[in-house]
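Q: input_30.csv is reproduced below (CSV, C-alpha atoms).
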chain,number,residue,atom,x,y,z
A,2,MET,CA,41.6,23.0,-14.5
A,3,LYS,CA,43.1,23.5,-11.1
A,4,LYS,CA,39.6,23.3,-9.6
A,5,GLU,CA,39.2,19.8,-11.0
A,6,LEU,CA,42.3,18.7,-9.2
A,7,ILE,CA,40.8,19.2,-5.9
A,8,GLN,CA,39.1,15.9,-4.9
A,9,ASP,CA,35.4,15.9,-3.8
A,10,ALA,CA,36.5,14.5,-0.5
A,11,GLU,CA,38.7,17.4,0.1
A,12,LEU,CA,36.1,19.9,-0.9
A,13,VAL,CA,33.6,18.2,1.4
A,14,SER,CA,36.0,18.5,4.3
A,15,ASN,CA,36.8,22.1,3.4
A,16,TYR,CA,33.1,22.8,3.4
A,17,ILE,CA,32.5,21.2,6.7
A,18,ASN,CA,35.3,23.3,8.1
A,19,GLY,CA,33.5,26.5,7.0
A,20,ASN,CA,34.6,27.1,3.4
A,21,GLU,CA,31.3,28.0,1.7
A,22,ASN,CA,33.1,28.3,-1.7
A,23,ALA,CA,33.8,24.5,-1.6
A,24,LEU,CA,30.0,23.9,-1.8
A,25,SER,CA,29.7,26.1,-4.8
A,26,ILE,CA,32.5,24.1,-6.6
A,27,LEU,CA,30.8,20.8,-5.7
A,28,ILE,CA,27.4,22.0,-7.0
A,29,GLU,CA,29.0,23.4,-10.1
A,30,ARG,CA,30.9,20.2,-10.7
A,31,HIS,CA,28.0,17.8,-10.3
A,32,LYS,CA,24.8,19.8,-11.0
A,33,GLN,CA,24.4,18.6,-14.6
A,34,LYS,CA,24.7,14.9,-13.7
A,35,ILE,CA,22.3,15.2,-10.8
A,36,TYR,CA,19.8,17.4,-12.6
A,37,SER,CA,19.7,15.1,-15.7
A,38,PHE,CA,19.3,12.1,-13.5
A,39,ILE,CA,16.3,13.6,-11.8
A,40,TYR,CA,14.8,14.8,-15.0
A,41,SER,CA,15.2,11.4,-16.6
A,42,LYS,CA,12.9,10.1,-13.9
A,43,VAL,CA,10.3,12.8,-13.5
A,44,TYR,CA,10.2,14.4,-17.0
A,45,ASP,CA,9.1,17.8,-15.6
A,46,ARG,CA,11.3,20.8,-15.4
A,47,ASP,CA,9.6,22.3,-12.4
A,48,VAL,CA,9.5,19.1,-10.4
A,49,THR,CA,13.2,18.5,-11.3
A,50,GLU,CA,14.1,21.9,-10.0
A,51,ASP,CA,12.2,21.2,-6.7
A,52,VAL,CA,13.8,17.8,-6.2
A,53,PHE,CA,17.3,19.2,-7.1
A,54,GLN,CA,16.9,21.9,-4.6
A,55,ASP,CA,15.6,19.5,-1.9
A,56,THR,CA,18.5,17.2,-2.6
A,57,PHE,CA,21.1,19.8,-1.9
A,58,ILE,CA,19.2,21.1,1.1
A,59,LYS,CA,19.5,17.6,2.5
A,60,VAL,CA,23.2,17.5,1.5
A,61,ILE,CA,23.9,20.9,3.2
A,62,ARG,CA,22.1,19.9,6.4
A,63,THR,CA,23.8,16.6,6.7
A,64,LEU,CA,27.2,18.0,6.1
A,65,LYS,CA,26.7,20.9,8.5
A,66,ARG,CA,25.4,18.5,11.2
A,67,GLY,CA,28.6,16.5,10.7
A,68,LYS,CA,26.7,13.4,9.9
A,69,TYR,CA,28.4,12.6,6.6
A,70,ASN,CA,31.0,9.9,6.7
A,71,GLU,CA,33.4,9.7,3.8
A,72,GLU,CA,32.9,6.0,3.3
A,73,GLY,CA,31.7,6.1,-0.3
A,74,LYS,CA,32.0,8.9,-2.8
A,75,PHE,CA,30.3,12.2,-2.7
A,76,LEU,CA,28.4,12.0,-6.0
A,77,PRO,CA,26.9,8.5,-5.5
A,78,TRP,CA,25.8,9.7,-2.1
A,79,VAL,CA,24.0,12.7,-3.5
A,80,MET,CA,22.6,10.6,-6.3
A,81,ARG,CA,21.1,8.3,-3.7
A,82,ILE,CA,19.5,11.2,-1.9
A,83,ALA,CA,18.1,12.5,-5.2
A,84,HIS,CA,16.8,9.0,-6.0
A,85,ASN,CA,15.0,8.7,-2.7
A,86,LEU,CA,13.4,12.1,-3.1
A,87,VAL,CA,12.2,11.1,-6.6
A,88,ILE,CA,10.6,8.1,-5.0
A,89,ASP,CA,9.0,10.3,-2.3
A,90,HIS,CA,7.7,12.6,-5.1
A,91,PHE,CA,6.0,9.7,-6.9
A,92,ARG,CA,4.6,8.4,-3.6
A,93,LYS,CA,3.2,11.7,-2.8
A,94,ASN,CA,1.7,12.1,-6.2
A,95,LYS,CA,0.0,8.7,-6.0
A,96,ARG,CA,-1.7,9.7,-2.8
A,97,MET,CA,-2.6,13.1,-4.1
A,98,PRO,CA,-2.6,12.9,-7.9
A,99,LYS,CA,-1.9,16.1,-9.7
A,100,PHE,CA,-4.7,17.1,-11.9
A,101,ASP,CA,-3.4,17.5,-15.4
A,102,ASN,CA,-5.4,20.4,-16.8
A,103,THR,CA,-4.7,19.8,-20.4
A,104,GLY,CA,-7.9,18.2,-21.6
A,105,GLU,CA,-11.1,19.8,-22.8
A,106,PHE,CA,-12.7,19.4,-19.4
A,107,SER,CA,-11.5,21.8,-16.8
A,108,ILE,CA,-12.0,20.8,-13.2
A,109,PHE,CA,-12.0,24.5,-12.3
A,110,SER,CA,-15.2,25.0,-14.2
A,111,VAL,CA,-17.0,22.8,-11.7
A,112,LEU,CA,-15.2,23.7,-8.6
A,113,SER,CA,-15.5,27.1,-7.2
A,114,ASP,CA,-14.1,28.9,-4.3
A,115,SER,CA,-17.0,30.4,-2.3
A,116,SER,CA,-14.9,32.4,0.0
A,117,LEU,CA,-14.5,36.0,-0.8
A,118,ASN,CA,-11.2,37.3,-2.2
A,119,ALA,CA,-9.5,40.4,-0.9
A,120,GLU,CA,-11.3,42.7,-3.4
A,121,LYS,CA,-14.7,41.3,-2.7
A,122,THR,CA,-14.1,41.5,1.1
A,123,ILE,CA,-13.3,45.2,0.8
A,124,ILE,CA,-16.4,45.8,-1.3
A,125,LYS,CA,-18.6,43.9,1.2
A,126,ASN,CA,-17.3,46.0,4.1
A,127,GLN,CA,-17.9,49.1,2.0
A,128,VAL,CA,-21.4,48.1,1.3
A,129,GLU,CA,-22.1,47.2,4.9
A,130,SER,CA,-20.8,50.6,6.1
A,131,ASP,CA,-22.8,52.4,3.5
A,132,VAL,CA,-26.0,50.6,4.7
A,133,ARG,CA,-25.2,51.5,8.3
A,134,ARG,CA,-24.8,55.2,7.3
A,135,ILE,CA,-28.1,55.2,5.5
A,136,ILE,CA,-29.8,53.6,8.5
A,137,GLU,CA,-28.4,56.4,10.7
A,138,GLU,CA,-30.2,58.9,8.5
A,139,LEU,CA,-33.6,57.4,9.3
A,140,PRO,CA,-36.1,58.9,11.8
A,141,GLU,CA,-35.5,57.5,15.2
A,142,ASP,CA,-38.8,55.4,15.4
A,143,GLN,CA,-38.2,53.7,12.0
A,144,LYS,CA,-34.5,53.2,12.7
A,145,GLN,CA,-35.4,51.4,16.0
A,146,VAL,CA,-37.8,49.0,14.3
A,147,LEU,CA,-35.4,48.3,11.4
A,148,LEU,CA,-32.4,47.6,13.7
A,149,MET,CA,-34.5,45.2,15.9
A,150,ARG,CA,-35.9,43.4,12.9
A,151,MET,CA,-32.8,43.1,10.7
A,152,TYR,CA,-29.8,43.1,13.2
A,153,GLN,CA,-31.4,41.6,16.3
A,154,ASP,CA,-33.6,39.2,14.4
A,155,MET,CA,-36.7,40.0,16.5
A,156,SER,CA,-40.2,39.3,15.4
A,157,PHE,CA,-42.7,42.1,14.9
A,158,LYS,CA,-44.6,40.9,18.0
A,159,GLU,CA,-41.5,41.2,20.1
A,160,ILE,CA,-40.7,44.6,18.5
A,161,SER,CA,-44.3,45.9,19.3
A,162,GLU,CA,-43.9,44.6,22.9
A,163,ARG,CA,-40.5,46.3,23.3
A,164,THR,CA,-41.4,49.6,21.8
A,165,GLY,CA,-44.9,49.7,23.2
A,166,VAL,CA,-46.7,50.2,19.9
A,167,SER,CA,-49.1,47.9,18.0
A,168,ILE,CA,-47.8,45.3,15.6
A,169,ASN,CA,-49.4,47.2,12.7
A,170,THR,CA,-47.5,50.4,13.7
A,171,ALA,CA,-44.2,48.4,13.9
A,172,LEU,CA,-44.9,47.0,10.4
A,173,GLY,CA,-45.7,50.4,9.1
A,174,ARG,CA,-42.5,51.9,10.5
A,175,MET,CA,-40.5,49.1,8.9
A,176,ARG,CA,-42.2,49.7,5.6
A,177,TYR,CA,-41.4,53.4,5.8
A,178,ALA,CA,-37.9,52.7,6.9
A,179,LEU,CA,-37.3,50.6,3.7
A,180,ILE,CA,-39.0,53.2,1.5
A,181,ASN,CA,-36.9,56.0,2.9
A,182,MET,CA,-33.7,54.0,2.6
A,183,ARG,CA,-34.5,53.3,-1.1
A,184,LYS,CA,-35.2,56.9,-1.6
A,185,VAL,CA,-31.8,57.9,-0.1
A,186,ILE,CA,-30.0,55.2,-2.2
A,187,GLU,CA,-31.7,56.4,-5.4
A,188,GLN,CA,-31.1,60.1,-4.7
A,189,ASN,CA,-27.4,59.6,-4.0
A,190,ASN,CA,-26.8,56.9,-6.6
A,191,ILE,CA,-25.3,54.6,-4.1
A,192,ILE,CA,-24.4,51.1,-5.4
A,193,LEU,CA,-25.0,48.4,-2.9
A,194,THR,CA,-24.0,45.3,-4.8
A,195,ASN,CA,-21.0,43.1,-4.6
B,21,MET,CA,8.0,1.6,-43.6
B,22,ALA,CA,6.4,1.2,-40.3
B,23,LYS,CA,5.5,4.4,-38.6
B,24,ILE,CA,7.0,5.0,-35.2
B,25,TYR,CA,4.3,6.3,-32.9
B,26,SER,CA,6.4,6.6,-29.8
B,27,ASN,CA,7.3,10.0,-28.6
B,28,ALA,CA,10.6,11.3,-29.7
B,29,SER,CA,12.8,11.7,-26.7
B,30,PRO,CA,13.6,15.2,-25.8
B,31,LYS,CA,17.0,16.2,-27.1
B,32,ASN,CA,19.3,19.1,-27.0
B,33,ILE,CA,17.7,20.5,-23.9
B,34,ASN,CA,20.0,22.2,-21.6
B,35,LEU,CA,19.7,20.1,-18.5
B,36,ASN,CA,21.0,22.4,-15.9
B,37,PRO,CA,19.3,23.8,-12.8
B,38,LYS,CA,18.3,27.5,-12.9
B,39,ASP,CA,20.7,30.0,-11.6
B,40,GLU,CA,18.2,31.1,-9.0
B,41,THR,CA,18.1,27.5,-7.6
B,42,ILE,CA,21.9,27.4,-7.2
B,43,SER,CA,22.0,30.9,-5.7
B,44,TYR,CA,19.2,29.9,-3.3
B,45,LEU,CA,21.2,26.8,-2.2
B,46,LEU,CA,24.4,28.8,-1.7
B,47,ASN,CA,22.5,31.4,0.4
B,48,TYR,CA,20.7,28.7,2.3
B,49,SER,CA,24.1,27.1,3.1
B,50,LYS,CA,25.5,30.5,4.3
B,51,ALA,CA,22.5,31.2,6.4
B,52,LEU,CA,22.3,27.8,8.1
B,53,SER,CA,24.3,27.3,11.2
B,54,VAL,CA,24.2,24.2,13.4
B,55,ILE,CA,24.6,24.9,17.1
B,56,ASN,CA,26.0,22.1,19.2
B,57,TYR,CA,24.7,21.9,22.7
B,58,ASN,CA,25.8,18.9,24.7
B,59,LYS,CA,24.7,16.1,22.5
B,60,LEU,CA,21.9,18.1,20.8
B,61,LYS,CA,22.2,19.8,17.5
B,62,PHE,CA,20.1,22.9,16.8
B,63,GLU,CA,19.7,24.4,13.4
B,64,ALA,CA,19.4,28.1,13.0
B,65,LEU,CA,18.6,30.0,9.8
B,66,LEU,CA,20.2,33.4,10.1
B,67,ASN,CA,19.4,35.8,7.3
Show this structure as structure tokens.

A:
Amino acid sequence: MKKELIQDAELVSNYINGNENALSILIERHKQKIYSFIYSKVYDRDVTEDVFQDTFIKVIRTLKRGKYNEEGKFLPWVMRIAHNLVIDHFRKNKRMPKFDNTGEFSIFSVLSDSSLNAEKTIIKNQVESDVRRIIEELPEDQKQVLLMRMYQDMSFKEISERTGVSINTALGRMRYALINMRKVIEQNNIILTN
Amino acid sequence: MAKIYSNASPKNINLNPKDETISYLLNYSKALSVINYNKLKFEALLN
């Protein structure tokens, strides 16, 4: 009962002077009214929680910055802040409507995220490093052709010019490189899929 | 009797913020300090 005797104005001034406990009393005293007010506008517990939190963050910042003037009462002032934040919330929602995923049609069945998640990224790196290790096992001439073709994107004509062999030889080396790689993959049961 | 199709208003729900929210606010308040420098005010969150 004694707590109730301390006026809001006094608690506010105590809080401004550094008494953190005063804020706790103020919140405790008015939380139900403010929370119910917000809920009566937005009808969503999560949004209410957010707006309630933002309201008091604004209250705390204003009080700590010394910008609060005790002209009116504390509660109506907080209510006004909450009211403005509720309006902000609806404005924001109008610009960016929240998709209510309750109907039969789910938007997420149409939209997909093409970027790889953490697990897939790890698998991709693993696969790439396995492939590189298999390539290292190839005979030098086959490895050279495969690297030029696949990693440097050179044509077989360019490869033949660079390595000094005929195009047919380069093609043959590529073919044997792939056959040998498949053999190694099969023999070691290496899985190269994501 | 006419049927009433409007939604029943939610009743008997405990309309109080979560304890976590309150505790977050109290901690935020403790962590926030406003530094006055000349006529400028700087906010600092010290955790």

Q: I need the chain B residues near chain A as a PDB file with C-alpha atoms, keeping the file's coordinate frame; criterion: at most 7 Å, counting all atoms listed in the file.

A:
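Once written, out.pdb looks like this:
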ATOM      1  CA  LEU B  35      19.700  20.100 -18.500  1.00  0.00           C
ATOM      2  CA  ASN B  36      21.000  22.400 -15.900  1.00  0.00           C
ATOM      3  CA  PRO B  37      19.300  23.800 -12.800  1.00  0.00           C
ATOM      4  CA  THR B  41      18.100  27.500  -7.600  1.00  0.00           C
ATOM      5  CA  LEU B  45      21.200  26.800  -2.200  1.00  0.00           C
ATOM      6  CA  LEU B  46      24.400  28.800  -1.700  1.00  0.00           C
ATOM      7  CA  SER B  49      24.100  27.100   3.100  1.00  0.00           C
ATOM      8  CA  LYS B  50      25.500  30.500   4.300  1.00  0.00           C
ATOM      9  CA  VAL B  54      24.200  24.200  13.400  1.00  0.00           C
TER      10      VAL B  54
END

Q: Between atom CA of Gln145 of chain A and atom CA of Leu193 of chain A, measure the distance and give it in Å to one decimal.

A: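 Separation between atom CA of Gln145 of chain A and atom CA of Leu193 of chain A: 21.8 Å.
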
Q: Give me the residues near Phe62 of chain B as a PyMOL selection string, where near means some atom within 12 Å (using all atoms listed in the file) and where sequence neighbours in that chain fewer than 2 positions away do not count.

A: (chain A and resi 62+65-66) or (chain B and resi 52-60+64-65)

Q: Got time to write the residues from that selection, C-alpha atoms, as a PDB file, keeping the file's coordinate frame?

A:
ATOM      1  CA  ARG A  62      22.100  19.900   6.400  1.00  0.00           C
ATOM      2  CA  LYS A  65      26.700  20.900   8.500  1.00  0.00           C
ATOM      3  CA  ARG A  66      25.400  18.500  11.200  1.00  0.00           C
TER       4      ARG A  66
ATOM      5  CA  LEU B  52      22.300  27.800   8.100  1.00  0.00           C
ATOM      6  CA  SER B  53      24.300  27.300  11.200  1.00  0.00           C
ATOM      7  CA  VAL B  54      24.200  24.200  13.400  1.00  0.00           C
ATOM      8  CA  ILE B  55      24.600  24.900  17.100  1.00  0.00           C
ATOM      9  CA  ASN B  56      26.000  22.100  19.200  1.00  0.00           C
ATOM     10  CA  TYR B  57      24.700  21.900  22.700  1.00  0.00           C
ATOM     11  CA  ASN B  58      25.800  18.900  24.700  1.00  0.00           C
ATOM     12  CA  LYS B  59      24.700  16.100  22.500  1.00  0.00           C
ATOM     13  CA  LEU B  60      21.900  18.100  20.800  1.00  0.00           C
ATOM     14  CA  ALA B  64      19.400  28.100  13.000  1.00  0.00           C
ATOM     15  CA  LEU B  65      18.600  30.000   9.800  1.00  0.00           C
TER      16      LEU B  65
END

Q: Do you know which residues are at most 7 Å from segment 173-176 of chain A counting all atoms listed in the file, after dropping those on the same chain fewer than 2 positions away, and could you put them as number ranges by chain?

A: A: 143, 146-147, 169-171, 178-180

Q: In Å to one decimal, how far is atom CA of Asp45 of chain A from atom CA of Leu86 of chain A?

A: 14.4 Å

Q: Can you work out the spacing between atom CA of Val13 of chain A and atom CA of Lys61 of chain B in Å, to one decimal?

A: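 About the pair atom CA of Val13 of chain A and atom CA of Lys61 of chain B: they are 19.8 Å apart.
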
Q: Place all heavy atoms on segment 52-63 of chain B and deliver the coordinates as a PDB file, in the frame of the given file.

A:
ATOM      1  N   LEU B  52      22.533  28.870   7.134  1.00  0.00           N
ATOM      2  CA  LEU B  52      22.300  27.800   8.100  1.00  0.00           C
ATOM      3  C   LEU B  52      23.472  27.579   9.022  1.00  0.00           C
ATOM      4  O   LEU B  52      24.598  27.412   8.573  1.00  0.00           O
ATOM      5  CB  LEU B  52      22.014  26.472   7.317  1.00  0.00           C
ATOM      6  CG  LEU B  52      21.710  25.254   8.171  1.00  0.00           C
ATOM      7  CD1 LEU B  52      20.313  25.333   8.763  1.00  0.00           C
ATOM      8  CD2 LEU B  52      21.836  23.988   7.361  1.00  0.00           C
ATOM      9  N   SER B  53      23.179  27.648  10.282  1.00  0.00           N
ATOM     10  CA  SER B  53      24.300  27.300  11.200  1.00  0.00           C
ATOM     11  C   SER B  53      23.749  26.270  12.194  1.00  0.00           C
ATOM     12  O   SER B  53      22.599  26.332  12.630  1.00  0.00           O
ATOM     13  CB  SER B  53      24.787  28.542  11.908  1.00  0.00           C
ATOM     14  OG  SER B  53      23.882  28.953  12.884  1.00  0.00           O
ATOM     15  N   VAL B  54      24.581  25.305  12.471  1.00  0.00           N
ATOM     16  CA  VAL B  54      24.200  24.200  13.400  1.00  0.00           C
ATOM     17  C   VAL B  54      24.878  24.487  14.726  1.00  0.00           C
ATOM     18  O   VAL B  54      26.097  24.642  14.786  1.00  0.00           O
ATOM     19  CB  VAL B  54      24.551  22.856  12.821  1.00  0.00           C
ATOM     20  CG1 VAL B  54      24.259  21.765  13.828  1.00  0.00           C
ATOM     21  CG2 VAL B  54      23.777  22.599  11.546  1.00  0.00           C
ATOM     22  N   ILE B  55      24.066  24.589  15.750  1.00  0.00           N
ATOM     23  CA  ILE B  55      24.600  24.900  17.100  1.00  0.00           C
ATOM     24  C   ILE B  55      24.669  23.578  17.867  1.00  0.00           C
ATOM     25  O   ILE B  55      23.657  22.882  17.992  1.00  0.00           O
ATOM     26  CB  ILE B  55      23.726  25.915  17.788  1.00  0.00           C
ATOM     27  CG1 ILE B  55      23.638  27.196  16.944  1.00  0.00           C
ATOM     28  CG2 ILE B  55      24.261  26.229  19.174  1.00  0.00           C
ATOM     29  CD1 ILE B  55      22.329  27.918  17.075  1.00  0.00           C
ATOM     30  N   ASN B  56      25.832  23.271  18.369  1.00  0.00           N
ATOM     31  CA  ASN B  56      26.000  22.100  19.200  1.00  0.00           C
ATOM     32  C   ASN B  56      25.788  22.417  20.644  1.00  0.00           C
ATOM     33  O   ASN B  56      26.422  23.323  21.159  1.00  0.00           O
ATOM     34  CB  ASN B  56      27.358  21.458  18.994  1.00  0.00           C
ATOM     35  CG  ASN B  56      27.453  20.727  17.688  1.00  0.00           C
ATOM     36  OD1 ASN B  56      26.645  19.840  17.407  1.00  0.00           O
ATOM     37  ND2 ASN B  56      28.413  21.112  16.871  1.00  0.00           N
ATOM     38  N   TYR B  57      24.898  21.706  21.282  1.00  0.00           N
ATOM     39  CA  TYR B  57      24.700  21.900  22.700  1.00  0.00           C
ATOM     40  C   TYR B  57      24.671  20.566  23.378  1.00  0.00           C
ATOM     41  O   TYR B  57      23.745  19.793  23.136  1.00  0.00           O
ATOM     42  CB  TYR B  57      23.444  22.719  22.975  1.00  0.00           C
ATOM     43  CG  TYR B  57      23.159  22.909  24.446  1.00  0.00           C
ATOM     44  CD1 TYR B  57      23.901  23.827  25.193  1.00  0.00           C
ATOM     45  CD2 TYR B  57      22.189  22.150  25.080  1.00  0.00           C
ATOM     46  CE1 TYR B  57      23.663  23.985  26.530  1.00  0.00           C
ATOM     47  CE2 TYR B  57      21.936  22.305  26.428  1.00  0.00           C
ATOM     48  CZ  TYR B  57      22.683  23.230  27.158  1.00  0.00           C
ATOM     49  OH  TYR B  57      22.444  23.383  28.489  1.00  0.00           O
ATOM     50  N   ASN B  58      25.651  20.301  24.206  1.00  0.00           N
ATOM     51  CA  ASN B  58      25.800  18.900  24.700  1.00  0.00           C
ATOM     52  C   ASN B  58      25.784  17.948  23.573  1.00  0.00           C
ATOM     53  O   ASN B  58      26.565  18.052  22.658  1.00  0.00           O
ATOM     54  CB  ASN B  58      24.796  18.622  25.797  1.00  0.00           C
ATOM     55  CG  ASN B  58      25.057  19.436  27.078  1.00  0.00           C
ATOM     56  OD1 ASN B  58      26.160  19.951  27.275  1.00  0.00           O
ATOM     57  ND2 ASN B  58      24.045  19.568  27.903  1.00  0.00           N
ATOM     58  N   LYS B  59      24.778  17.053  23.615  1.00  0.00           N
ATOM     59  CA  LYS B  59      24.700  16.100  22.500  1.00  0.00           C
ATOM     60  C   LYS B  59      23.642  16.493  21.497  1.00  0.00           C
ATOM     61  O   LYS B  59      23.346  15.752  20.567  1.00  0.00           O
ATOM     62  CB  LYS B  59      24.456  14.696  23.038  1.00  0.00           C
ATOM     63  CG  LYS B  59      25.713  14.057  23.614  1.00  0.00           C
ATOM     64  CD  LYS B  59      25.413  12.680  24.141  1.00  0.00           C
ATOM     65  CE  LYS B  59      26.677  12.070  24.742  1.00  0.00           C
ATOM     66  NZ  LYS B  59      26.400  10.818  25.427  1.00  0.00           N
ATOM     67  N   LEU B  60      23.032  17.646  21.719  1.00  0.00           N
ATOM     68  CA  LEU B  60      21.900  18.100  20.800  1.00  0.00           C
ATOM     69  C   LEU B  60      22.472  18.990  19.753  1.00  0.00           C
ATOM     70  O   LEU B  60      23.413  19.746  19.977  1.00  0.00           O
ATOM     71  CB  LEU B  60      20.867  18.791  21.641  1.00  0.00           C
ATOM     72  CG  LEU B  60      20.258  18.015  22.791  1.00  0.00           C
ATOM     73  CD1 LEU B  60      19.428  18.932  23.656  1.00  0.00           C
ATOM     74  CD2 LEU B  60      19.405  16.876  22.263  1.00  0.00           C
ATOM     75  N   LYS B  61      21.850  18.906  18.613  1.00  0.00           N
ATOM     76  CA  LYS B  61      22.200  19.800  17.500  1.00  0.00           C
ATOM     77  C   LYS B  61      21.011  20.669  17.173  1.00  0.00           C
ATOM     78  O   LYS B  61      19.925  20.154  16.941  1.00  0.00           O
ATOM     79  CB  LYS B  61      22.654  19.021  16.296  1.00  0.00           C
ATOM     80  CG  LYS B  61      24.022  18.391  16.432  1.00  0.00           C
ATOM     81  CD  LYS B  61      24.356  17.596  15.209  1.00  0.00           C
ATOM     82  CE  LYS B  61      25.521  16.657  15.422  1.00  0.00           C
ATOM     83  NZ  LYS B  61      26.792  17.317  15.609  1.00  0.00           N
ATOM     84  N   PHE B  62      21.203  21.969  17.137  1.00  0.00           N
ATOM     85  CA  PHE B  62      20.100  22.900  16.800  1.00  0.00           C
ATOM     86  C   PHE B  62      20.465  23.551  15.457  1.00  0.00           C
ATOM     87  O   PHE B  62      21.600  23.980  15.274  1.00  0.00           O
ATOM     88  CB  PHE B  62      19.902  23.932  17.843  1.00  0.00           C
ATOM     89  CG  PHE B  62      19.486  23.372  19.157  1.00  0.00           C
ATOM     90  CD1 PHE B  62      20.423  23.135  20.156  1.00  0.00           C
ATOM     91  CD2 PHE B  62      18.156  23.054  19.383  1.00  0.00           C
ATOM     92  CE1 PHE B  62      20.034  22.602  21.367  1.00  0.00           C
ATOM     93  CE2 PHE B  62      17.768  22.519  20.601  1.00  0.00           C
ATOM     94  CZ  PHE B  62      18.704  22.287  21.595  1.00  0.00           C
ATOM     95  N   GLU B  63      19.464  23.649  14.606  1.00  0.00           N
ATOM     96  CA  GLU B  63      19.700  24.400  13.400  1.00  0.00           C
ATOM     97  C   GLU B  63      19.134  25.772  13.470  1.00  0.00           C
ATOM     98  O   GLU B  63      18.055  25.972  14.006  1.00  0.00           O
ATOM     99  CB  GLU B  63      18.982  23.654  12.204  1.00  0.00           C
ATOM    100  CG  GLU B  63      19.704  22.391  11.773  1.00  0.00           C
ATOM    101  CD  GLU B  63      19.024  21.723  10.602  1.00  0.00           C
ATOM    102  OE1 GLU B  63      18.094  22.320  10.040  1.00  0.00           O
ATOM    103  OE2 GLU B  63      19.437  20.608  10.273  1.00  0.00           O
TER     104      GLU B  63
END
